[in-house]
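Here is the structure we will look at, set down as structure tokens.
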Amino acid sequence: MNVAELVMEPLVLPKHSDLFPHQVGFLDQHFETLKDFPVSSHLFTSLNNSCSDLDTQFFSLETHLSKHAVSWISRSFPAKTALHKLNLKLASIQYGTGSKKIQQILFELSQFAEELRRIQNIHNYVDTTLELETLVGDLEDEVFFAVNHPNGNIFSAKRSNSSITADFQPKNERLVQALKVLNGIEEVLVRVAKIQPQWHHLLKSVDIRVDKLLAVLRPQVFADHRNLLASIGWPPKLVTSESGSADIRGIPNPLVSVQGSQRECYYQSALALCALQHLQTRREKRQLNLFGQERDAGIWVIDELVSPFASRIEYHFLRWVEQPEYIFALLYKITRDLILGVDDVLGPSIDKARLRTYGAKAAWVSAMVQMLSKFLAKSIFPSLCERYKEKHERAEVMSSWLHLIDHIIAFDRKMQSVLSLENYFFLKDTDMFEGLSRSISVLMLFSDQPKWLNVWAKIELKNAWRKLKAELKDERAWLIDNIGNFDLHIEKESEQFLLSTREHHKSPLIAESAIRFSWEMIERCQTFPAVLPRIQFIRSTAAKFLWHFLNVLLFRCKGIESYLDNPDVEILMTICGSINAARYVESKLREWSEDVNFLEMTAAENDSNISRKNHVTYDNSCFFWEEIKSLLEFETNWLMEIVAALLRQFETLSWEYIQNKDRFDQEQEQEEFFETLSWEYIQDKDHFEGEQEEFTKERDSVASIDFVESLDALRRRLSACKMSLNPKDFIDLWRSVADGLDHFIFCSIFTNKIQFSSNGMNLFEADMEALFLVFKPFCGRPEAFFPCIRETLSVLKISEGELKQLQVALCNDKNRSKYLHSLGISHLSFDQIDKILSSRKL
């Protein structure tokens, strides 16, 4: 549509907001007033001509573009051909098929590049060498000035504070400058060690020169710092009471009392010493290739505070060798009274030098503990170990050793409370926290002396064994409390079988003593920071002690083993008491093994190469598994001994009953059951309480006279075991006895080829009902634990009609199992059922 057509169409003017800015400007330019509308026809003609010109120009441009495109396309074909040829030449060069001259050029280029790299490396090496030479030269100048300061001892007490400050300032400035140069050298060496490790000769030569300068500078820095400490009155005097005891009066802290220029000088000197140590630590980490790892070492400025104490306090320590409580009291008081001043004065210096993340307090406590450890390792424990070898002095040494260990453990706990270790849980490195806990424990001296650890373990073991033997002499040691005498009737709550305390286990008092002595030995090494020595100590003390206690139980049972052929009540109670003791100890060991400390030790032991004598891994998650396994074997073996003894006695007493097979073949009536049972057997309300109705129901039943004695003996032994044995083991006991009797009586039927008449079946049923009554106090349905006897009675009592169906079912291999299950028979085989049926006298 052209402009003419648009004019002919009805005009619909657009909204002002829909117009573009240039359109609005065009309209404003040509139609300023209403008078401009008559000339619109001329404007239309002008616009129409302009559109025609533009269409002509567009067509011309389109024609020229097409020509140029065809021209460029025609030129692209030769370019494509040239690129393809170049690609072929490059491929021929790559695979050696090109020109030898090009290959030679490429080889020379690679050699040239390698030479350039070598020259660049030489240039870098020369620049680094010159940089290091300049730095080392500057260091030599600074060290020479600092060491050859003309003012001598500037910290003499005779000099005024202003004089000390005036002389200390230039020397300290030179020292600070030397440390800056040292740090600059170390920065370069670290960079070289990481980027250019092949320049190790350069590193070594620089380290040699720096070490020589440090060998001159370090003693001078330490000497100046010590002189400054002496000038401010460190260490403070220790004034004891006239009696010579550990009643130390107030200990003044010179670090707090010093003021003015001396305080500033000491701060600057401490800061310089910390900076020197920080530099030394960096050098050692670089030389040992320990980049990014923390190293646990003492802080020099703290060590300089402690070392003057060591010589002065040793005088007091040597006076109190026989009274170690004074030694620990004195050191604890010094540490506690001076710790705040040390932290206030030296804390900023240590933090500024970035030596450690746990600051001046921890370093102060650690240094004091290490000082005490060195004294004990030098003056106390060697003499005790030598005296321990002499038998006539062994008792006295044991007493002294244990007394000393008591004070060490108490001292470690007090020092940890001073430091408040919980405030250091935020340490980023777990190894650092472990290192801190180790450094504040006097017990750590045993880690460096395994022989002393062995002596300590022997003394602890002998002391515990001596206390246990003393308690074994008491007649009440093996008494069993009846507090845990739970009724095992089925209506009782199941919670009664959850054994927790010694009374619940019916364990004798001696077992409680054994557990207490074992735990005391374990507790004495709980503050031992090192895990592996702690494991070794527990294995050598508590674990061995428990083995000794197990031998006591075994020896006690072995001593009466010969009486088990005809066990009386006292024999059974003795063995039951030993089983209860083993069960109680076993439960405690399981409880201990679930503690997080023992889980940690178990994991450490599994990860390490600790070799234990006769060690066999049964359960890597349980610390005391070997001891638990031996206790379980003891419990099981002697429980089975009781079961076997009861079954042997029953077999002996019921011999005539079993051998008299004619009784079941006769048709005569037997005497009533209640006339044959002894009056005591029937009226024993302690064991048959609530069962009188059951007896009344059985009055019209009959039982064999010679079967009563064996039942009565069995009842008495089981009642004694129930009173003496813990509920858990007693359940296993009576069920095992029931299972044994079930098999014994059932097998005796086939062995003696018994024939059952009608009255004989009634007699056998009455005898078995009497047997079930013996176990009635222990469960609601005792016949359920005699499956063979119960099913034998079912087969004997089967009717004629059911018998024919059963005989038909037994002939059918497919349906006989299903039919037997419908009759409630699942424990008897087909041959056994056939023999029982054949024993019926029709």
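Numbering starts fresh at 1 for the residues of each chain in the structure tokens, the chains themselves are lettered A, B, ... in the order given, and ligands are numbered from 1 as they appear.
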
Q: Show which residues sit within 12 Å of A:Trp655, as a ChimeraX atom specification. Count only C-alpha atoms, and ignore same-chain residues fewer than 5 positions away.
A: /A:647-650,660-661,706-707,709-710,744-745,748,752

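With only C-alpha atoms taken into account, the protein and nucleic acid residues at most 8 Å from A:Asn172 (excluding it and anything under 4 positions from it in its own chain) are A:Ala146, A:Phe168, A:Val176, A:Gln268, A:Ser269.
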
Q) Which residues, written as number ranges by chain, have at least one atom at most 10 Å from A:Thr128, with only C-alpha atoms counted and residues fewer than 6 positions away on the same chain left out? A) A: 122, 134, 188-189, 192, 202

Q. In terms of the shortest atom-to-atom distance over only C-alpha atoms, which of A:Ala410, A:Met398, A:Ile825, A:Ile405 is closest to A:Leu376?
A.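 The closest residue to A:Leu376 is A:Ile405.
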
Q: Can you work out the spacing between atom CA of A:Gln526 and atom CA of A:Leu372 in Å, to one decimal?
A: 19.9 Å

**Q.** Nearby residues (only C-alpha atoms) at most 8 Å from stretch 579-592 of chain A, same-chain spacing under 4 positions excluded, as JSON, numbers by chain
**A.** {"A": [502, 505, 506, 507, 508, 510, 511, 515, 550, 553, 575, 598, 622, 624, 627, 628, 631, 632, 634, 635, 638, 639, 725, 726]}

Would you kindly return, as a short mmCIF file (atom, residue, chain, number, x, y, z; two decimals) with C-alpha atoms, in the first residue's frame, each protein, DNA or RNA residue with an atom no farther than 12 Å from any atom of A:Val216, considering only C-alpha atoms and excluding same-chain residues fewer than 2 positions away?
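Once written, selection_28.cif looks like this:
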data_model
loop_
_atom_site.label_atom_id
_atom_site.label_comp_id
_atom_site.auth_asym_id
_atom_site.auth_seq_id
_atom_site.Cartn_x
_atom_site.Cartn_y
_atom_site.Cartn_z
CA LEU A 139 72.00 -9.50 58.63
CA GLU A 140 75.70 -9.75 59.38
CA GLU A 142 72.85 -5.99 62.26
CA VAL A 143 74.11 -8.98 64.23
CA PHE A 144 77.57 -7.43 64.54
CA PHE A 145 76.12 -4.24 65.99
CA ALA A 146 73.72 -6.04 68.33
CA VAL A 147 76.41 -8.35 69.71
CA ASN A 148 79.16 -5.75 70.00
CA ARG A 209 75.61 -18.83 56.98
CA VAL A 210 72.34 -17.97 58.77
CA ASP A 211 72.90 -20.69 61.36
CA LYS A 212 76.31 -19.26 62.14
CA LEU A 213 74.81 -15.82 62.63
CA LEU A 214 71.97 -17.23 64.77
CA ARG A 218 70.57 -16.24 69.94
CA PRO A 219 72.81 -16.49 73.04
CA GLN A 220 73.04 -12.73 73.16
CA VAL A 221 69.27 -12.33 73.02
CA PHE A 222 68.82 -14.91 75.77
CA ALA A 223 71.53 -13.33 77.89
#

Q: Report the residues of stretch 373-591 of chain A whose backbone DSSP state falls under helix (DSSP H, G or I), written as a VMD selection string.
A: chain A and resid 373 to 388 391 to 419 421 to 424 430 to 439 442 to 446 450 to 472 475 to 478 494 to 497 502 to 505 509 to 523 531 to 540 542 to 558 561 to 565 569 to 591

Q: Skip A:Lys458 itself and residues of its chain fewer than 6 positions away, then list as a ChimeraX atom specification all residues within 12 Å of it, counting only C-alpha atoms.
A: /A:385,388,394,398,401-402,451-452,464-465,521,536-542,544-545

Store the residues picked out above, limited to C-alpha atoms, as a PDB file, in the first residue's frame.
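Done, and the output landed in part18.pdb:
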ATOM      1  CA  CYS A 385      62.933 -48.566  90.895  1.00  0.00           C
ATOM      2  CA  TYR A 388      62.044 -52.171  94.260  1.00  0.00           C
ATOM      3  CA  ARG A 394      59.715 -53.963  98.217  1.00  0.00           C
ATOM      4  CA  MET A 398      55.151 -50.144  97.025  1.00  0.00           C
ATOM      5  CA  TRP A 401      55.085 -45.483  95.020  1.00  0.00           C
ATOM      6  CA  LEU A 402      51.311 -45.674  95.448  1.00  0.00           C
ATOM      7  CA  LYS A 451      60.118 -49.875  82.505  1.00  0.00           C
ATOM      8  CA  TRP A 452      58.659 -47.522  85.094  1.00  0.00           C
ATOM      9  CA  ALA A 464      44.837 -55.074  94.449  1.00  0.00           C
ATOM     10  CA  TRP A 465      45.540 -58.793  94.832  1.00  0.00           C
ATOM     11  CA  MET A 521      43.150 -49.352  88.862  1.00  0.00           C
ATOM     12  CA  GLN A 536      49.139 -51.195  78.252  1.00  0.00           C
ATOM     13  CA  PHE A 537      48.535 -50.222  81.873  1.00  0.00           C
ATOM     14  CA  ILE A 538      44.938 -51.526  81.915  1.00  0.00           C
ATOM     15  CA  ARG A 539      45.973 -54.778  80.246  1.00  0.00           C
ATOM     16  CA  SER A 540      48.728 -55.215  82.842  1.00  0.00           C
ATOM     17  CA  THR A 541      46.571 -54.350  85.875  1.00  0.00           C
ATOM     18  CA  ALA A 542      42.793 -54.596  85.720  1.00  0.00           C
ATOM     19  CA  LYS A 544      45.247 -59.453  84.726  1.00  0.00           C
ATOM     20  CA  PHE A 545      43.505 -58.969  88.035  1.00  0.00           C
TER      21      PHE A 545
END

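Near stretch 301-306 of chain A, within 10 Å and counting only C-alpha atoms, sit Phe222, His225, Arg226, Leu229, Trp234, Pro235, Ser269, Ala270, Leu271, Ala272, Leu273, Cys274, Gln277, Ala310, Ser311, Val342, Leu346, Ser349, Ile350, Ala360, Lys361, Ala363, Trp364, Val365, Ser366, Ala367, Met368, Gln370 and Met371 of chain A; same-chain residues fewer than 4 positions away were not included.
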
With the cut-off set at 9 Å and counting only C-alpha atoms, tabulate each residue of stretch 305-345 of chain A with an atom at most that distance from an atom of stretch 411-417 of chain A, showing the nearest atom pair and its distance in Å to one decimal, ordered by chain and increasing number, as CSV.
residue,atom,partner,partner_atom,distance
A:Phe328,CA,A:Phe411,CA,6.5
A:Ala329,CA,A:Phe411,CA,8.4
A:Tyr332,CA,A:Met415,CA,7.2
A:Thr335,CA,A:Met415,CA,8.4
A:Arg336,CA,A:Met415,CA,8.5

Q: For atom CA of A:Leu653 and atom CA of A:Arg715, quote the distance in Å rounded to one decimal.
A: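 So the two atoms, atom CA of A:Leu653 and atom CA of A:Arg715, lie 13.0 Å apart.
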